[in-house]
$ cat coords_18.txt   # compact mmCIF, C-alpha atoms and all ligand atoms
# COMPACT_ATOMS: atom_id res chain seq x y z
CA MET A 1 108.39 125.80 49.55
CA GLN A 2 108.05 129.33 48.19
CA GLU A 3 104.51 129.02 46.90
CA GLU A 4 103.09 127.02 49.76
CA PRO A 5 99.81 128.55 50.99
CA PRO A 6 99.65 129.82 54.56
CA GLN A 7 99.03 127.11 57.09
CA LYS A 8 96.51 127.66 59.81
CA ILE A 9 96.62 125.93 63.12
CA ARG A 10 94.91 122.66 62.29
CA LYS A 11 94.53 121.07 65.65
CA ILE A 12 96.15 121.55 68.97
CA ASN A 13 98.36 118.71 70.00
CA ARG A 14 96.85 118.13 73.42
CA SER A 15 99.54 115.75 74.49
CA LEU A 16 102.32 118.25 73.75
CA VAL A 17 100.57 121.28 75.25
CA THR A 18 100.40 119.57 78.63
CA ARG A 19 103.98 118.41 78.41
CA ILE A 20 105.85 121.61 77.66
CA GLU A 21 107.55 123.98 80.02
CA VAL A 22 108.52 127.36 78.53
CA VAL A 23 111.51 129.04 80.13
CA PRO A 24 112.53 132.55 79.05
CA ILE A 25 116.31 132.91 78.81
CA LEU A 26 116.90 136.27 80.40
CA ASP A 27 119.83 138.46 81.24
CA PRO A 28 121.35 137.33 84.58
CA LYS A 29 121.29 141.02 85.51
CA LEU A 30 117.47 140.78 85.45
CA THR A 31 117.00 137.39 87.11
CA CYS A 32 119.29 138.38 89.96
CA GLU A 33 117.19 139.19 93.05
CA THR A 34 119.60 141.66 94.57
CA VAL A 35 121.42 144.80 93.46
CA ALA A 36 124.94 145.85 94.35
CA SER A 37 125.37 148.35 97.15
CA THR A 38 127.93 150.98 98.00
CA SER A 39 128.65 153.20 100.99
CA PHE A 40 127.58 156.82 101.02
CA GLN A 41 127.91 159.74 103.42
CA ALA A 42 124.67 160.98 104.96
CA LEU A 43 124.00 163.80 107.35
CA GLN A 44 121.81 163.57 110.43
CA LEU A 45 119.92 166.79 111.13
CA LYS A 46 117.62 167.75 113.95
CA SER A 47 116.08 170.80 112.28
CA LYS A 48 116.03 172.92 109.10
CA LYS A 49 116.10 169.81 106.89
CA LYS A 50 114.24 171.42 103.99
CA LEU A 51 116.43 174.47 104.11
CA ILE A 52 119.62 172.40 104.00
CA ILE A 53 118.31 170.11 101.22
CA GLY A 54 117.38 173.20 99.20
CA ARG A 55 120.97 174.37 99.32
CA LEU A 56 122.48 171.03 98.22
CA LYS A 57 123.33 170.27 94.60
CA ASP A 58 121.60 167.31 92.95
CA LEU A 59 123.20 163.91 93.45
CA PRO A 60 125.50 162.83 90.59
CA GLU A 61 123.82 161.28 87.53
CA SER A 62 124.76 157.72 88.54
CA PHE A 63 122.93 158.11 91.88
CA GLN A 64 119.76 159.76 90.59
CA HIS A 65 117.81 156.59 91.48
CA LEU A 66 118.27 157.35 95.19
CA LYS A 67 115.82 159.39 97.25
CA ARG A 68 117.61 162.15 99.10
CA VAL A 69 116.25 161.33 102.56
CA GLY A 70 116.51 157.92 104.22
CA LYS A 71 114.00 156.16 106.48
CA ASP A 72 115.86 157.47 109.52
CA GLY A 73 115.65 161.03 108.19
CA SER A 74 119.32 161.36 107.28
CA ILE A 75 120.22 163.20 104.06
CA LEU A 76 122.57 161.89 101.38
CA ILE A 77 125.52 164.21 100.89
CA SER A 78 128.28 162.55 98.87
CA GLN A 79 129.91 159.23 98.16
CA THR A 80 133.27 160.11 99.69
CA GLU A 81 133.87 161.42 103.18
CA GLU A 82 136.28 164.08 101.92
CA THR A 83 133.76 165.64 99.55
CA ALA A 84 131.02 165.35 102.16
CA LYS A 85 133.08 167.35 104.63
CA GLU A 86 133.76 170.04 102.01
CA ILE A 87 130.07 170.30 101.20
CA ILE A 88 129.15 170.63 104.89
CA SER A 89 131.79 173.34 105.43
CA ASP A 90 130.52 175.25 102.40
CA LEU A 91 126.98 175.16 103.81
CA ASN A 92 128.29 177.13 106.76
CA SER A 93 125.28 176.26 108.85
CA ALA A 94 125.08 175.73 112.61
CA GLU A 95 122.73 172.76 112.08
CA ALA A 96 124.86 170.89 109.53
CA ARG A 97 127.86 169.54 111.40
CA ILE A 98 130.63 167.33 110.15
CA GLU A 99 130.40 165.18 113.30
CA ASN A 100 126.83 164.32 112.33
CA LEU A 101 127.96 162.61 109.11
CA ILE A 102 127.26 158.88 109.07
CA THR A 103 128.11 156.13 106.59
CA VAL A 104 125.09 154.38 105.05
CA GLN A 105 124.69 151.61 102.48
CA VAL A 106 122.77 152.48 99.33
CA PRO A 107 121.92 150.54 96.13
CA SER A 108 124.61 151.47 93.62
CA ILE A 109 122.36 150.89 90.58
CA LYS A 110 118.71 151.45 89.79
CA PRO A 111 116.65 148.26 90.27
CA SER A 112 115.40 146.73 86.99
CA THR A 113 112.79 144.40 88.43
CA ARG A 114 110.26 144.44 91.24
CA ARG A 115 112.24 141.81 93.14
CA GLN A 116 115.36 143.95 92.93
CA PHE A 117 113.34 146.98 94.00
CA GLU A 118 112.07 145.12 97.09
CA PHE A 119 115.69 144.35 97.97
CA ALA A 120 117.00 147.86 97.18
CA LYS A 121 114.45 149.76 99.24
CA GLN A 122 115.43 147.81 102.35
CA LEU A 123 118.80 149.51 102.00
CA TRP A 124 117.68 153.01 101.05
CA PRO A 125 114.54 154.60 99.49
CA THR A 126 114.95 154.10 95.75
CA GLY A 127 113.10 155.02 92.55
CA PHE A 128 111.74 152.26 90.33
CA HIS A 129 109.82 152.11 87.03
CA PRO A 130 108.37 148.64 86.46
CA ASN A 131 108.55 147.10 82.99
CA HIS A 132 105.31 145.10 82.80
CA GLU A 133 106.44 142.83 79.97
CA LEU A 134 109.57 141.91 81.89
CA GLU A 135 107.63 141.31 85.11
CA GLN A 136 105.38 138.90 83.22
CA LEU A 137 108.43 136.96 82.02
CA LEU A 138 109.75 136.78 85.56
CA ASP A 139 106.54 135.62 87.23
CA ASP A 140 105.49 133.25 84.38
CA SER A 141 102.23 135.10 83.71
CA PHE A 142 103.39 135.62 80.06
CA LEU A 143 102.46 131.99 79.38
CA THR A 144 98.73 132.35 78.81
CA PRO A 145 96.84 129.21 77.66
CA THR A 146 96.57 130.67 74.13
CA PHE A 147 100.28 131.39 73.94
CA LYS A 148 101.10 127.92 75.26
CA GLU A 149 98.91 126.31 72.60
CA TYR A 150 100.53 128.46 69.92
CA ILE A 151 104.01 127.41 71.06
CA SER A 152 103.15 123.72 71.33
CA HIS A 153 101.59 123.71 67.87
CA TRP A 154 104.65 125.18 66.16
CA VAL A 155 107.06 123.16 68.26
CA GLN A 156 105.24 120.05 67.05
CA GLU A 157 105.57 121.24 63.43
CA THR A 158 109.30 121.79 64.02
CA LEU A 159 109.85 118.39 65.65
CA ASP A 160 108.17 116.77 62.64
CA ILE A 161 111.13 117.98 60.56
CA ASP A 162 114.35 116.32 61.65
CA ASN A 163 116.51 119.02 63.28
CA GLY A 164 114.21 121.57 61.74
CA CYS A 165 113.72 125.31 61.73
CA VAL A 166 110.28 126.89 61.30
CA ALA A 167 109.65 130.62 60.89
CA VAL A 168 106.15 131.87 61.67
CA GLN A 169 104.69 135.29 60.98
CA ASN A 170 101.20 136.26 62.14
CA ASN A 171 100.57 132.64 63.10
CA THR A 172 101.26 131.61 59.50
CA LEU A 173 104.14 129.50 58.22
CA LEU A 174 106.70 131.78 56.58
CA SER A 175 109.51 129.34 55.80
CA ILE A 176 111.07 126.10 56.94
CA GLY A 177 114.63 124.79 56.90
CA ARG A 178 116.28 121.46 57.43
CA PRO A 179 120.05 120.84 57.47
CA SER A 180 121.64 120.33 54.04
CA ASN A 181 124.95 118.82 52.97
CA HIS A 182 126.39 122.28 52.35
CA PRO A 183 129.00 123.19 55.00
CA LEU A 184 126.87 126.18 56.02
CA GLY A 185 123.60 124.33 55.56
CA HIS A 186 122.41 124.77 59.12
CA PRO A 187 118.64 124.73 59.74
CA VAL A 188 118.38 128.53 60.15
CA MET A 189 120.47 129.25 57.03
CA GLU A 190 118.31 126.88 54.99
CA MET A 191 115.14 128.48 56.38
CA VAL A 192 116.39 131.92 55.27
CA LYS A 193 117.26 130.50 51.82
CA ASN A 194 113.74 129.07 51.50
CA LEU A 195 112.01 132.37 52.23
CA PRO A 196 109.43 133.48 49.72
CA LYS A 197 110.86 136.08 47.31
CA ARG A 198 109.76 139.56 48.23
CA THR A 199 110.81 143.07 47.40
CA GLY A 200 111.09 146.27 49.33
CA SER A 201 112.35 145.02 52.65
CA ASP A 202 115.64 143.59 53.80
CA TYR A 203 114.08 142.54 57.03
CA LEU A 204 111.83 139.70 55.99
CA GLY A 205 111.50 138.24 59.43
CA THR A 206 110.37 141.40 61.23
CA GLY A 207 108.02 140.39 64.02
CA SER A 208 108.39 136.69 63.30
CA ASP A 209 108.84 133.78 65.68
CA VAL A 210 111.40 131.10 64.88
CA PHE A 211 111.19 127.57 66.25
CA LEU A 212 114.20 125.26 66.38
CA VAL A 213 114.83 121.76 67.65
CA TYR A 214 118.37 122.72 68.69
CA GLU A 215 119.82 125.82 70.26
CA PRO A 216 121.47 127.71 67.36
CA CYS A 217 125.22 128.22 66.89
CA ALA A 218 126.86 131.67 66.61
CA MET A 219 126.39 131.86 62.83
CA CYS A 220 122.69 130.97 62.99
CA SER A 221 122.08 133.26 65.98
CA MET A 222 123.61 136.18 64.06
CA ALA A 223 121.58 135.28 60.97
CA LEU A 224 118.47 135.58 63.17
CA VAL A 225 119.59 139.08 64.21
CA HIS A 226 119.72 140.09 60.52
CA PHE A 227 116.43 138.31 59.97
CA ARG A 228 114.91 140.57 62.67
CA VAL A 229 113.26 137.68 64.45
CA ARG A 230 111.12 138.75 67.39
CA ARG A 231 111.15 135.57 69.47
CA LEU A 232 113.12 132.36 69.23
CA PHE A 233 111.97 129.07 70.73
CA TYR A 234 114.23 126.02 70.89
CA VAL A 235 113.78 122.60 72.44
CA HIS A 236 117.25 121.21 73.23
CA ASP A 237 120.44 122.87 74.36
CA SER A 238 123.28 122.10 71.95
CA LYS A 239 127.04 121.83 72.31
CA ASN A 240 127.76 124.66 69.87
CA GLY A 241 124.76 126.75 70.96
CA VAL A 242 125.35 130.34 72.09
CA LEU A 243 122.13 131.35 73.84
CA LYS A 244 121.87 129.13 76.94
CA GLU A 245 122.04 130.59 80.42
CA ASP A 246 125.66 130.04 81.38
CA GLY A 247 127.02 130.58 77.87
CA TRP A 248 127.82 133.54 75.66
CA GLN A 249 124.14 134.61 75.41
CA LEU A 250 124.59 136.26 72.04
CA HIS A 251 120.99 137.55 72.05
CA LEU A 252 121.92 139.82 74.98
CA GLU A 253 125.15 141.15 73.45
CA PRO A 254 124.96 144.94 73.93
CA SER A 255 126.83 145.72 70.69
CA ILE A 256 124.16 144.05 68.54
CA ASN A 257 121.64 146.39 66.91
CA HIS A 258 118.61 144.10 67.24
CA HIS A 259 117.69 141.89 70.16
CA TYR A 260 115.27 139.01 70.23
CA GLU A 261 113.66 137.15 73.08
CA VAL A 262 114.73 133.56 73.62
CA PHE A 263 112.69 130.76 75.17
CA ARG A 264 113.71 127.20 75.87
CA VAL A 265 110.77 124.83 75.38
CA LYS A 266 111.36 121.82 77.60
CA ILE A 267 109.34 118.71 76.84
CA THR A 268 108.61 116.21 79.56
CA GLU A 269 110.04 112.89 78.48
CA ASP A 270 107.52 110.41 77.22
CA PRO A 271 109.09 107.24 75.75
CA GLU A 272 106.13 106.50 73.47
CA THR A 273 106.20 109.83 71.66
CA ASN A 274 109.88 110.57 71.96
CA HIS A 275 110.33 111.00 68.23
CA SER A 276 112.65 113.98 68.43
CA SER A 277 115.99 112.30 68.03
CA ASN A 278 118.45 113.03 70.77
CA SER A 279 121.26 111.26 69.02
CA TYR A 280 122.87 114.53 67.93
CA ASP A 281 123.31 117.67 69.87
CA SER A 282 124.66 120.40 67.66
CA CYS A 283 123.03 123.17 65.63
CA LYS A 284 124.09 121.59 62.36
CA ASN A 285 123.87 117.89 61.91
CA SER A 286 122.36 116.48 58.77
CA LYS A 287 121.83 112.84 59.38
ZN ZN A 301 124.02 126.89 63.14

$ encode --input "coords_18.txt" --output "structure tokens" --more "lines below"
Ligand SMILES: [Zn+2]
Amino acid sequence: MQEEPPQKIRKINRSLVTRIEVVPILDPKLTCETVASTSFQALQLKSKKKLIIGRLKDLPESFQHLKRVGKDGSILISQTEETAKEIISDLNSAEARIENLITVQVPSIKPSTRRQFEFAKQLWPTGFHPNHELEQLLDDSFLTPTFKEYISHWVQETLDIDNGCVAVQNNTLLSIGRPSNHPLGHPVMEMVKNLPKRTGSDYLGTGSDVFLVYEPCAMCSMALVHFRVRRLFYVHDSKNGVLKEDGWQLHLEPSINHHYEVFRVKITEDPETNHSSNSYDSCKNSK
């Protein structure tokens, strides 16, 4: 395997490209369309708004995403009523009166996505910095025809190996793995073992894409962290897999020092070409 010349995309498998659905597996915090809210004390003022705002301290760090003035013109003062009253007393202004304090609902965190922003700003004017890459994952525009062809090509290569693992760098085959009889001979571990020998870098897989028939187990998912994979594509969920939506989602684990994107590639069933065996459903299964 080591000395195998780079493989170019030979032909696009037209039947597969029309039959795949590519689903990014994202953090539930990002796919959620709402953000949590909390109550806050705001002051209604008839005049001297600018003057009063100028004398107020900045909002605490955790509320910096909030605009100071609401749609109704009221001004955020403090989260608790007690502190709000103290602040108003300290202002010692005829315009700022404790009896004009009202309770409002504000988003308690900064929105991460446009959908969350649309929700948050209904509550209270809120700051937002869109992440274009993330927005493309959320609205499916990431899946350009070229990208879809690329995915379907390498998924086909992976399905051709029984329970296989294929690593691709710059659209060129880097290494493949198939399960071995060794207890740790999972497809990913075998792929890493089959890597061409190189020197100078511990991170051989930097920027690579890895394709798998089955969702990887914890060991293989961690190996892919060390491998510095950029994106992982898998076809079937597996019993011992750790990436799927309602599972552990190891790729989102905050304590890990490298994160990769994960995509599930769903293939529309077609009995005539259903050559990817569904008779096993775990990361490691050498048949
Ligand atoms: Zn595994």

$ axis_aligned_box --input "coords_18.txt" --around "segment 246-264 of chain A" --padding-each-side "5 Å" --output "AutoDock Vina command-line options"
--center_x 120.3 --center_y 136.8 --center_z 74.1 --size_x 25.1 --size_y 29.2 --size_z 24.5

$ closest_residue --input "coords_18.txt" --among "A:Phe211, A:Val265, A:Ala218, A:Ile256" --to "Asp237 of chain A" --atoms "all atoms listed in the file"
A:Val265

$ closest_residue --input "coords_18.txt" --among "A:Tyr214, A:Tyr234, A:Tyr150, A:Trp248" --to "ligand ZN 301 (chain A)" --atoms "all atoms listed in the file"
A:Tyr214

$ residues_around --input "coords_18.txt" --residues "Gly127 of chain A" --least-positions-apart "3" --cutoff "9 Å" --atoms "all atoms listed in the file" --output "ChimeraX atom specification"
/A:64-67,110-111,117,121

$ closest_residue --input "coords_18.txt" --among "A:Glu261, A:Met222, A:Glu21, A:Arg114" --to "ligand ZN 301 (chain A)" --atoms "only C-alpha atoms and all ligand atoms"
A:Met222

$ residues_near_ligand --input "coords_18.txt" --ligand "ligand ZN 301 (chain A)" --cutoff "10 Å" --atoms "only C-alpha atoms and all ligand atoms" --output "number ranges by chain"
A: 179, 184-190, 214-223, 240-242, 282-285

$ residues_near_point --input "coords_18.txt" --point "(112.0, 126.2, 55.4)" --cutoff "8 Å" --atoms "all atoms listed in the file" --output "number ranges by chain"
A: 1, 165-167, 174-178, 190-195

$ closest_residue --input "coords_18.txt" --among "A:Val229, A:Val22, A:Leu43, A:Ile53" --to "Pro145 of chain A" --atoms "only C-alpha atoms"
A:Val22

$ residues_around --input "coords_18.txt" --residues "segment 71-75 of chain A" --least-positions-apart "6" --cutoff "8 Å" --atoms "only C-alpha atoms" --output "list of chain:residue names"
A:Ala42, A:Leu43, A:Gln44, A:Leu45, A:Ile53, A:Trp124, A:Pro125
